[in-house]
Amino acid sequence: MSPKAALLAASFVLGTTGLALAHHSNAAYDSDHPQTVDGTVKQVNWTNPHITFVVETDAKDGPQAGTWVFEVSSPGVLTRSGWTKRSLNPGDHATFYYLPLRDAKQGGFLRKVTLPDGKELTYSLTPEEQ
């Protein structure tokens, strides 16, 4: 390979690495202040690249009242962790543990769900943690 081609290839790899890392960044979420909210699932979007759950909270007023959107990892990650498309359905009530959005909007990155019977729905981003 010529030095010019090698430099071009290295530039491409280094230039696109930041884009890949930016896509998987959790910078929008406050990982230092995890929170919980109780609510009822209104909608499940089981699609790539990230699953989302739309939840109506139990709070009638105050900062937690309203409709929240929780993002989770990909369908593949949740499936490997034991979830199915039917693990959490519209109408299901649960406690949602999440990392809040830094901009204080109603939503966040979902870390765990606890159902009324005590069953916990969790997931791992790496197979070794399961």
# chains A, B, ... in the order shown; residues from 1 in each chain; ligands from 1
>>> residues_around(residues="segment 56-64 of chain A", least_positions_apart="4", cutoff="7 Å", atoms="only C-alpha atoms", output="list in words")
Val37, Asp38, Gly39, Thr40, Val41, Lys42 and Trp68 of chain A
>>> write_last_selection(atoms="N, CA and C atoms", output="PDB file, in the first residue's frame")
ATOM      1  N   VAL A  37     -40.039   6.400  38.483  1.00  0.00           N
ATOM      2  CA  VAL A  37     -41.387   6.918  38.313  1.00  0.00           C
ATOM      3  C   VAL A  37     -42.312   5.717  38.123  1.00  0.00           C
ATOM      4  N   ASP A  38     -43.511   5.805  38.689  1.00  0.00           N
ATOM      5  CA  ASP A  38     -44.523   4.769  38.502  1.00  0.00           C
ATOM      6  C   ASP A  38     -45.481   5.214  37.410  1.00  0.00           C
ATOM      7  N   GLY A  39     -45.878   4.260  36.570  1.00  0.00           N
ATOM      8  CA  GLY A  39     -46.801   4.626  35.519  1.00  0.00           C
ATOM      9  C   GLY A  39     -47.308   3.439  34.733  1.00  0.00           C
ATOM     10  N   THR A  40     -48.107   3.746  33.726  1.00  0.00           N
ATOM     11  CA  THR A  40     -48.730   2.742  32.870  1.00  0.00           C
ATOM     12  C   THR A  40     -48.217   2.907  31.442  1.00  0.00           C
ATOM     13  N   VAL A  41     -47.815   1.801  30.853  1.00  0.00           N
ATOM     14  CA  VAL A  41     -47.309   1.812  29.479  1.00  0.00           C
ATOM     15  C   VAL A  41     -48.452   2.168  28.535  1.00  0.00           C
ATOM     16  N   LYS A  42     -48.209   3.167  27.693  1.00  0.00           N
ATOM     17  CA  LYS A  42     -49.186   3.573  26.680  1.00  0.00           C
ATOM     18  C   LYS A  42     -48.818   3.046  25.303  1.00  0.00           C
ATOM     19  N   TRP A  68     -44.288  10.343  29.566  1.00  0.00           N
ATOM     20  CA  TRP A  68     -42.833  10.240  29.513  1.00  0.00           C
ATOM     21  C   TRP A  68     -42.435   9.282  28.397  1.00  0.00           C
TER      22      TRP A  68
END
>>> select_by_dssp(residues="segment 48-99 of chain A", states="alpha helix (DSSP H)", output="CSV table (one decimal) with N, CA and C atoms, in the first residue's frame")
chain,number,residue,atom,x,y,z
A,75,PRO,N,-33.4,-3.9,20.2
A,75,PRO,CA,-34.1,-5.2,20.4
A,75,PRO,C,-33.2,-6.4,20.6
A,76,GLY,N,-32.0,-6.4,19.9
A,76,GLY,CA,-31.1,-7.5,20.1
A,76,GLY,C,-30.5,-7.6,21.5
A,77,VAL,N,-30.2,-6.5,22.1
A,77,VAL,CA,-29.6,-6.4,23.5
A,77,VAL,C,-30.7,-6.9,24.4
A,78,LEU,N,-31.9,-6.4,24.3
A,78,LEU,CA,-33.0,-6.8,25.2
A,78,LEU,C,-33.3,-8.3,25.0
A,79,THR,N,-33.4,-8.8,23.8
A,79,THR,CA,-33.7,-10.2,23.5
A,79,THR,C,-32.6,-11.1,24.2
A,80,ARG,N,-31.3,-10.7,24.0
A,80,ARG,CA,-30.3,-11.5,24.7
A,80,ARG,C,-30.4,-11.5,26.2
>>> closest_atom_pairs(of="segment 15-64 of chain A", to="segment 85-88 of chain A", cutoff="9 Å", atoms="only C-alpha atoms", output="CSV")
residue,atom,partner,partner_atom,distance
A:Val41,CA,A:Leu88,CA,7.6
A:Val44,CA,A:Leu88,CA,7.7
A:Trp46,CA,A:Lys85,CA,6.7
A:Phe53,CA,A:Leu88,CA,8.8
>>> write_last_selection(atoms="N, CA and C atoms", output="PDB file, in the first residue's frame")
ATOM      1  N   VAL A  41     -47.815   1.801  30.853  1.00  0.00           N
ATOM      2  CA  VAL A  41     -47.309   1.812  29.479  1.00  0.00           C
ATOM      3  C   VAL A  41     -48.452   2.168  28.535  1.00  0.00           C
ATOM      4  N   VAL A  44     -45.473   0.872  22.996  1.00  0.00           N
ATOM      5  CA  VAL A  44     -44.176   0.212  22.890  1.00  0.00           C
ATOM      6  C   VAL A  44     -43.725   0.300  21.441  1.00  0.00           C
ATOM      7  N   TRP A  46     -40.966  -1.317  19.514  1.00  0.00           N
ATOM      8  CA  TRP A  46     -39.927  -2.355  19.512  1.00  0.00           C
ATOM      9  C   TRP A  46     -39.254  -2.343  18.140  1.00  0.00           C
ATOM     10  N   PHE A  53     -40.424   3.277  25.147  1.00  0.00           N
ATOM     11  CA  PHE A  53     -41.678   3.049  25.854  1.00  0.00           C
ATOM     12  C   PHE A  53     -42.276   4.407  26.182  1.00  0.00           C
TER      13      PHE A  53
END
>>> closest_residue(among="A:Asp92, A:Tyr97, A:Gly82, A:Arg102", to="Leu115 of chain A", atoms="only C-alpha atoms")
A:Asp92
>>> closest_residue(among="A:Trp83, A:Tyr29, A:Phe70, A:Tyr123", to="Leu110 of chain A", atoms="only C-alpha atoms")
A:Phe70
>>> atom_distance(atom1="atom CA of Thr114 of chain A", atom2="atom CA of Thr95 of chain A")
5.1 Å
>>> atom_distance(atom1="atom CA of Leu125 of chain A", atom2="atom CA of Ser73 of chain A")
7.8 Å
>>> closest_residue(among="A:Ala28, A:Ser124, A:Pro116, A:Pro100", to="Val69 of chain A", atoms="only C-alpha atoms")
A:Pro100
>>> atom_distance(atom1="atom CA of Ala65 of chain A", atom2="atom CA of His50 of chain A")
24.4 Å
>>> residues_around(residues="Val113 of chain A", least_positions_apart="2", cutoff="6 Å", atoms="only C-alpha atoms", output="list in words")
Thr95, Phe96, Glu120 and Leu121 of chain A
